[in-house]
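Source file: my_file_30.tsv (TSV, C-alpha atoms)
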chain	number	residue	atom	x	y	z
A	1	MET	CA	4.20	16.23	10.30
A	2	LYS	CA	2.07	14.81	7.53
A	3	ALA	CA	3.60	14.80	4.07
A	4	GLU	CA	1.61	16.29	1.22
A	5	SER	CA	-0.52	13.70	-0.56
A	6	TYR	CA	-2.92	13.30	-3.49
A	7	ASP	CA	-6.71	12.95	-3.28
A	8	LEU	CA	-7.90	9.37	-3.58
A	9	THR	CA	-10.93	7.83	-5.28
A	10	SER	CA	-11.93	4.52	-3.75
A	11	GLU	CA	-14.24	1.65	-4.50
A	12	ASP	CA	-14.25	-1.44	-2.31
A	13	ASN	CA	-10.58	-2.26	-1.63
A	14	PHE	CA	-9.32	-0.25	-4.60
A	15	TYR	CA	-7.86	3.27	-4.28
A	16	LEU	CA	-6.85	5.36	-7.27
A	17	PHE	CA	-5.06	8.67	-7.63
A	18	PHE	CA	-3.23	10.65	-10.28
A	19	SER	CA	0.43	11.58	-9.98
A	20	ILE	CA	0.83	15.05	-11.46
A	21	GLY	CA	4.38	16.19	-12.05
A	22	THR	CA	7.10	17.27	-14.39
A	23	LYS	CA	6.53	14.40	-16.86
A	24	GLY	CA	2.74	14.52	-16.93
A	25	VAL	CA	-0.20	12.77	-15.32
A	26	PHE	CA	0.04	9.11	-14.33
A	27	PRO	CA	-2.75	7.04	-12.78
A	28	LYS	CA	-1.64	5.02	-9.75
A	29	ILE	CA	-3.60	2.33	-8.02
A	30	ILE	CA	-3.53	0.75	-4.58
A	31	VAL	CA	-5.30	-2.55	-3.96
A	32	PHE	CA	-5.80	-4.25	-0.60
A	33	GLU	CA	-5.81	-7.89	-1.65
A	34	THR	CA	-7.23	-10.42	0.78
A	35	ILE	CA	-4.73	-12.98	2.09
A	36	THR	CA	-7.08	-14.47	4.66
A	37	GLU	CA	-9.94	-13.13	6.78
A	38	ASN	CA	-9.10	-9.55	7.86
A	39	VAL	CA	-5.53	-9.79	6.55
A	40	TYR	CA	-4.58	-7.92	3.39
A	41	ASN	CA	-1.57	-7.47	1.18
A	42	LEU	CA	-1.11	-4.02	-0.31
A	43	ALA	CA	-0.44	-3.98	-4.04
A	44	PHE	CA	0.56	-0.64	-5.50
A	45	GLY	CA	1.74	0.49	-8.88
A	46	ASP	CA	1.27	2.36	-12.12
A	47	LEU	CA	-1.91	1.60	-13.97
A	48	ASN	CA	-1.97	0.81	-17.67
A	49	ILE	CA	-5.17	2.55	-18.74
A	50	ILE	CA	-5.54	0.39	-21.83
A	51	ASN	CA	-5.53	-3.09	-20.30
A	52	GLY	CA	-5.86	-2.45	-16.54
A	53	GLU	CA	-2.48	-4.00	-15.72
A	54	ILE	CA	-0.50	-2.77	-12.72
A	55	SER	CA	3.28	-2.43	-12.70
A	56	ASP	CA	5.19	-1.88	-9.47
A	57	LEU	CA	8.55	-1.36	-11.14
A	58	SER	CA	7.89	1.48	-13.52
A	59	THR	CA	9.72	4.71	-12.82
A	60	SER	CA	7.85	7.70	-14.14
A	61	ASN	CA	10.40	10.16	-12.61
A	62	ASN	CA	7.57	12.61	-12.19
A	63	GLY	CA	9.31	14.51	-9.39
A	64	ASP	CA	6.70	13.60	-6.77
A	65	MET	CA	7.91	10.33	-5.22
A	66	THR	CA	7.44	11.48	-1.61
A	67	LYS	CA	3.93	12.72	-2.34
A	68	ILE	CA	3.10	9.41	-4.02
A	69	MET	CA	4.36	7.29	-1.13
A	70	ALA	CA	2.58	9.58	1.36
A	71	THR	CA	-0.63	8.95	-0.60
A	72	VAL	CA	-0.12	5.20	-0.24
A	73	ILE	CA	0.30	5.62	3.53
A	74	LYS	CA	-2.85	7.77	3.57
A	75	SER	CA	-4.76	4.98	1.80
A	76	ILE	CA	-3.70	2.55	4.55
A	77	ILE	CA	-4.98	4.96	7.22
A	78	ILE	CA	-8.32	5.33	5.42
A	79	PHE	CA	-8.55	1.57	4.88
A	80	LEU	CA	-7.93	0.89	8.59
A	81	GLU	CA	-10.61	3.46	9.52
A	82	LYS	CA	-13.10	1.70	7.26
A	83	ASN	CA	-11.97	-1.77	8.37
A	84	PRO	CA	-11.01	-1.49	12.07
A	85	SER	CA	-10.09	-5.18	12.42
A	86	ALA	CA	-7.93	-5.29	9.32
A	87	ILE	CA	-4.23	-6.09	9.25
A	88	VAL	CA	-2.26	-4.82	6.25
A	89	ASN	CA	1.09	-6.09	4.97
A	90	PHE	CA	3.06	-3.70	2.81
A	91	LYS	CA	6.52	-3.16	1.40
A	92	GLY	CA	8.05	-1.00	-1.30
A	93	SER	CA	8.92	-2.50	-4.66
A	94	THR	CA	12.51	-1.43	-3.94
A	95	THR	CA	14.57	-0.94	-0.77
A	96	THR	CA	14.54	2.82	-1.34
A	97	ARG	CA	10.75	2.89	-1.52
A	98	THR	CA	10.40	0.79	1.63
A	99	LYS	CA	12.70	3.23	3.46
A	100	LEU	CA	10.64	6.13	2.17
A	101	TYR	CA	7.46	4.54	3.57
A	102	GLN	CA	9.26	4.23	6.90
A	103	ARG	CA	10.34	7.87	6.85
A	104	ILE	CA	6.82	9.08	6.03
A	105	ILE	CA	5.34	7.02	8.89
A	106	VAL	CA	7.93	8.33	11.37
A	107	ASN	CA	7.21	11.91	10.27
A	108	TYR	CA	3.59	11.52	11.35
A	109	GLY	CA	4.92	11.62	14.93
A	110	SER	CA	4.59	9.58	18.10
A	111	ASP	CA	0.92	10.42	18.82
A	112	PHE	CA	0.00	9.04	15.43
A	113	LEU	CA	2.12	5.93	15.90
A	114	LYS	CA	0.36	5.12	19.19
A	115	LYS	CA	-2.85	4.58	17.24
A	116	TYR	CA	-1.34	1.65	15.36
A	117	ARG	CA	0.44	-1.60	16.02
A	118	ILE	CA	3.28	-1.88	13.53
A	119	PHE	CA	5.37	-4.98	13.06
A	120	GLY	CA	8.04	-5.54	10.45
A	121	ILE	CA	10.94	-7.69	9.33
A	122	GLU	CA	14.22	-6.01	10.10
A	123	GLU	CA	16.87	-6.00	7.38
A	124	GLY	CA	18.95	-9.18	7.60
A	125	LYS	CA	16.34	-11.02	9.69
A	126	LYS	CA	13.68	-13.55	8.79
A	127	GLU	CA	11.17	-13.17	11.59
A	128	PRO	CA	9.01	-10.13	12.27
A	129	SER	CA	9.09	-8.06	15.46
A	130	ILE	CA	7.57	-4.86	16.79
A	131	VAL	CA	9.01	-2.00	14.76
A	132	ASP	CA	11.80	0.13	16.18
A	133	PHE	CA	12.03	3.03	13.78
A	134	THR	CA	15.73	3.56	14.44
A	135	LYS	CA	16.29	0.37	12.40
A	136	ASN	CA	15.55	-0.47	8.77
A	137	TYR	CA	12.88	-2.94	7.72
A	138	THR	CA	12.13	-4.88	4.56
A	139	GLU	CA	8.36	-4.94	5.08
A	140	PHE	CA	5.66	-3.80	7.46
A	141	ASN	CA	2.48	-5.16	8.99
A	142	ILE	CA	0.07	-2.57	10.41
A	143	SER	CA	-3.21	-2.69	12.28
A	144	ASN	CA	-5.15	-0.49	14.66
A	145	ALA	CA	-3.70	-0.64	18.20
B	146	MET	CA	-12.42	6.49	-21.38
B	147	LYS	CA	-13.79	9.67	-22.93
B	148	THR	CA	-12.25	12.43	-24.94
B	149	LYS	CA	-13.18	16.05	-24.43
B	150	SER	CA	-11.74	18.74	-26.70
B	151	ASN	CA	-9.09	16.24	-27.83
B	152	ALA	CA	-7.96	15.75	-24.23
B	153	LEU	CA	-8.15	12.33	-22.60
B	154	VAL	CA	-10.55	12.32	-19.66
B	155	LEU	CA	-9.90	9.48	-17.25
B	156	ASP	CA	-12.74	8.35	-15.02
B	157	PRO	CA	-11.25	6.90	-11.80
B	158	ILE	CA	-14.16	4.54	-11.21
B	159	GLU	CA	-13.96	3.30	-14.79
B	160	LEU	CA	-10.23	2.65	-14.32
B	161	ILE	CA	-10.84	0.80	-11.05
B	162	GLU	CA	-13.43	-1.39	-12.79
B	163	LYS	CA	-10.85	-2.20	-15.46
B	164	VAL	CA	-8.36	-3.33	-12.81
B	165	LYS	CA	-11.01	-5.41	-11.03
B	166	LYS	CA	-11.82	-7.18	-14.27
B	167	ARG	CA	-8.15	-7.70	-15.15
B	168	TYR	CA	-7.32	-9.31	-11.79
B	169	GLU	CA	-10.62	-10.94	-10.83
B	170	ASN	CA	-9.11	-14.43	-10.86
B	171	ALA	CA	-5.46	-13.85	-10.00
B	172	PRO	CA	-3.33	-11.99	-7.50
B	173	ILE	CA	-1.80	-8.76	-8.80
B	174	PHE	CA	1.75	-9.62	-7.77
B	175	PRO	CA	1.79	-13.41	-7.24
B	176	LYS	CA	5.31	-13.56	-5.77
B	177	LYS	CA	4.57	-10.88	-3.17
B	178	MET	CA	1.31	-12.61	-2.30
B	179	GLU	CA	3.12	-15.93	-1.78
B	180	GLU	CA	5.69	-14.21	0.46
B	181	ALA	CA	2.92	-12.57	2.47
B	182	LYS	CA	1.18	-15.92	2.90
B	183	ALA	CA	4.44	-17.57	3.98
B	184	ASN	CA	4.93	-15.01	6.78
B	185	LEU	CA	1.30	-14.91	7.81
B	186	HIS	CA	1.63	-17.34	10.75
B	187	LEU	CA	4.61	-15.37	12.13
B	188	TYR	CA	2.63	-12.14	12.19
B	189	GLN	CA	-0.43	-13.89	13.64
B	190	LYS	CA	1.74	-15.21	16.47
B	191	LEU	CA	3.03	-11.69	17.19
B	192	HIS	CA	-0.46	-10.21	17.17
B	193	GLN	CA	-1.59	-12.86	19.65
B	194	GLN	CA	1.32	-12.01	21.95
B	195	TYR	CA	0.50	-8.30	21.92
B	196	GLU	CA	-3.21	-8.85	22.47
B	197	LYS	CA	-2.55	-10.63	25.78

Output the structure of this file as structure tokens.
Amino acid sequence: MKAESYDLTSEDNFYLFFSIGTKGVFPKIIVFETITENVYNLAFGDLNIINGEISDLSTSNNGDMTKIMATVIKSIIIFLEKNPSAIVNFKGSTTTRTKLYQRIIVNYGSDFLKKYRIFGIEEGKKEPSIVDFTKNYTEFNISNA
Amino acid sequence: MKTKSNALVLDPIELIEKVKKRYENAPIFPKKMEEAKANLHLYQKLHQQYEK
């Protein structure tokens, strides 16, 4: 089951949305930064509208964390549709957020998961492996299957 | 950024352009980028295994 998410505005590898919740409206931005050819690192955070800086540690407590993280996952899906050969690394800025990403992915269901190849580094390990969603991971690496 | 009836109107494309300009010469989160680069060869090895 897909979690509710926000609408995204995109330009090149940049995706922007607005978190709308109990504390107000906060712009959030997702950037797929190139590591090497076809490999990207996902940067995500709150956007400072004055200077364009991104912070991944701010806590707006806007009551919509699941919707926000589901929007990030949605941006990865869109990015992989637009860039079929791309590989994306991503992790939450905290352990809780990484676990929330994992939960959102699992909730998409097995048919969805078959469309992607997902690797990750299991908690307590240093080397990546194919993801087994019964375990916890510190980061993920996703591409089209 | 524009104001309309005293309310702040945020243009998403304008905001994206601001971010692009801010980070045109540097990674957004340098430490995370370094970590990603350090693990790159491990993931590439895994991808090769699963492509066989």

What residues in chain B have any atom no more than 9 Å from chain A when counting all atoms listed in the file, and can you write them as a PyMOL selection string?
-> chain B and resi 146+155+157-158+160-168+172-174+177-178+181-182+184-185+187-188+191-192+195

Go ahead and compute the interatomic distance for CA of Thr22 in chain A and CA of Leu100 in chain A, in Å to one decimal.
->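 Going from CA of Thr22 in chain A over to CA of Leu100 in chain A, I get 20.3 Å.
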
For CA of Asn107 in chain A and CA of Gly92 in chain A, determine how far apart the two atoms are, in Å to one decimal place.
->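 Between CA of Asn107 in chain A and CA of Gly92 in chain A the gap is 17.4 Å.
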
Between CA of Lys99 in chain A and CA of Asn136 in chain A, what is the distance, to one decimal in Å?
-> 7.1 Å

Which neighbours of Arg97 in chain A fall inside 10 Å, counting only C-alpha atoms, when residues of the same chain fewer than 5 positions from it are skipped, and could you give them as a PDB file with C-alpha atoms, keeping the file's coordinate frame?
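Final output, saved to part33.pdb:
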ATOM      1  CA  MET A  65       7.910  10.330  -5.220  1.00  0.00           C
ATOM      2  CA  THR A  66       7.440  11.480  -1.610  1.00  0.00           C
ATOM      3  CA  MET A  69       4.360   7.290  -1.130  1.00  0.00           C
ATOM      4  CA  LYS A  91       6.520  -3.160   1.400  1.00  0.00           C
ATOM      5  CA  GLY A  92       8.050  -1.000  -1.300  1.00  0.00           C
ATOM      6  CA  GLN A 102       9.260   4.230   6.900  1.00  0.00           C
ATOM      7  CA  ARG A 103      10.340   7.870   6.850  1.00  0.00           C
ATOM      8  CA  THR A 138      12.130  -4.880   4.560  1.00  0.00           C
TER       9      THR A 138
END

Final N, CA and C atoms of range 184-197 of chain B as a CSV table (one decimal), in the frame of the given file:
chain,number,residue,atom,x,y,z
B,184,ASN,N,4.6,-15.7,5.5
B,184,ASN,CA,4.9,-15.0,6.8
B,184,ASN,C,3.7,-14.8,7.7
B,185,LEU,N,2.6,-15.2,7.1
B,185,LEU,CA,1.3,-14.9,7.8
B,185,LEU,C,1.3,-15.5,9.2
B,186,HIS,N,1.7,-16.7,9.4
B,186,HIS,CA,1.6,-17.3,10.8
B,186,HIS,C,2.6,-16.6,11.7
B,187,LEU,N,3.7,-16.1,11.2
B,187,LEU,CA,4.6,-15.4,12.1
B,187,LEU,C,4.0,-14.1,12.7
B,188,TYR,N,3.3,-13.4,11.8
B,188,TYR,CA,2.6,-12.1,12.2
B,188,TYR,C,1.4,-12.5,13.1
B,189,GLN,N,0.7,-13.5,12.8
B,189,GLN,CA,-0.4,-13.9,13.6
B,189,GLN,C,0.0,-14.2,15.1
B,190,LYS,N,1.2,-14.9,15.1
B,190,LYS,CA,1.7,-15.2,16.5
B,190,LYS,C,2.1,-13.9,17.2
B,191,LEU,N,2.7,-13.0,16.6
B,191,LEU,CA,3.0,-11.7,17.2
B,191,LEU,C,1.8,-10.9,17.7
B,192,HIS,N,0.8,-10.9,16.8
B,192,HIS,CA,-0.5,-10.2,17.2
B,192,HIS,C,-1.1,-10.8,18.4
B,193,GLN,N,-1.0,-12.2,18.5
B,193,GLN,CA,-1.6,-12.9,19.6
B,193,GLN,C,-0.8,-12.5,20.9
B,194,GLN,N,0.5,-12.4,20.8
B,194,GLN,CA,1.3,-12.0,22.0
B,194,GLN,C,1.0,-10.6,22.5
B,195,TYR,N,0.8,-9.7,21.5
B,195,TYR,CA,0.5,-8.3,21.9
B,195,TYR,C,-0.9,-8.1,22.3
B,196,GLU,N,-1.8,-9.0,22.0
B,196,GLU,CA,-3.2,-8.8,22.5
B,196,GLU,C,-3.4,-9.3,23.9
B,197,LYS,N,-2.4,-10.1,24.4
B,197,LYS,CA,-2.6,-10.6,25.8
B,197,LYS,C,-2.4,-9.5,26.8
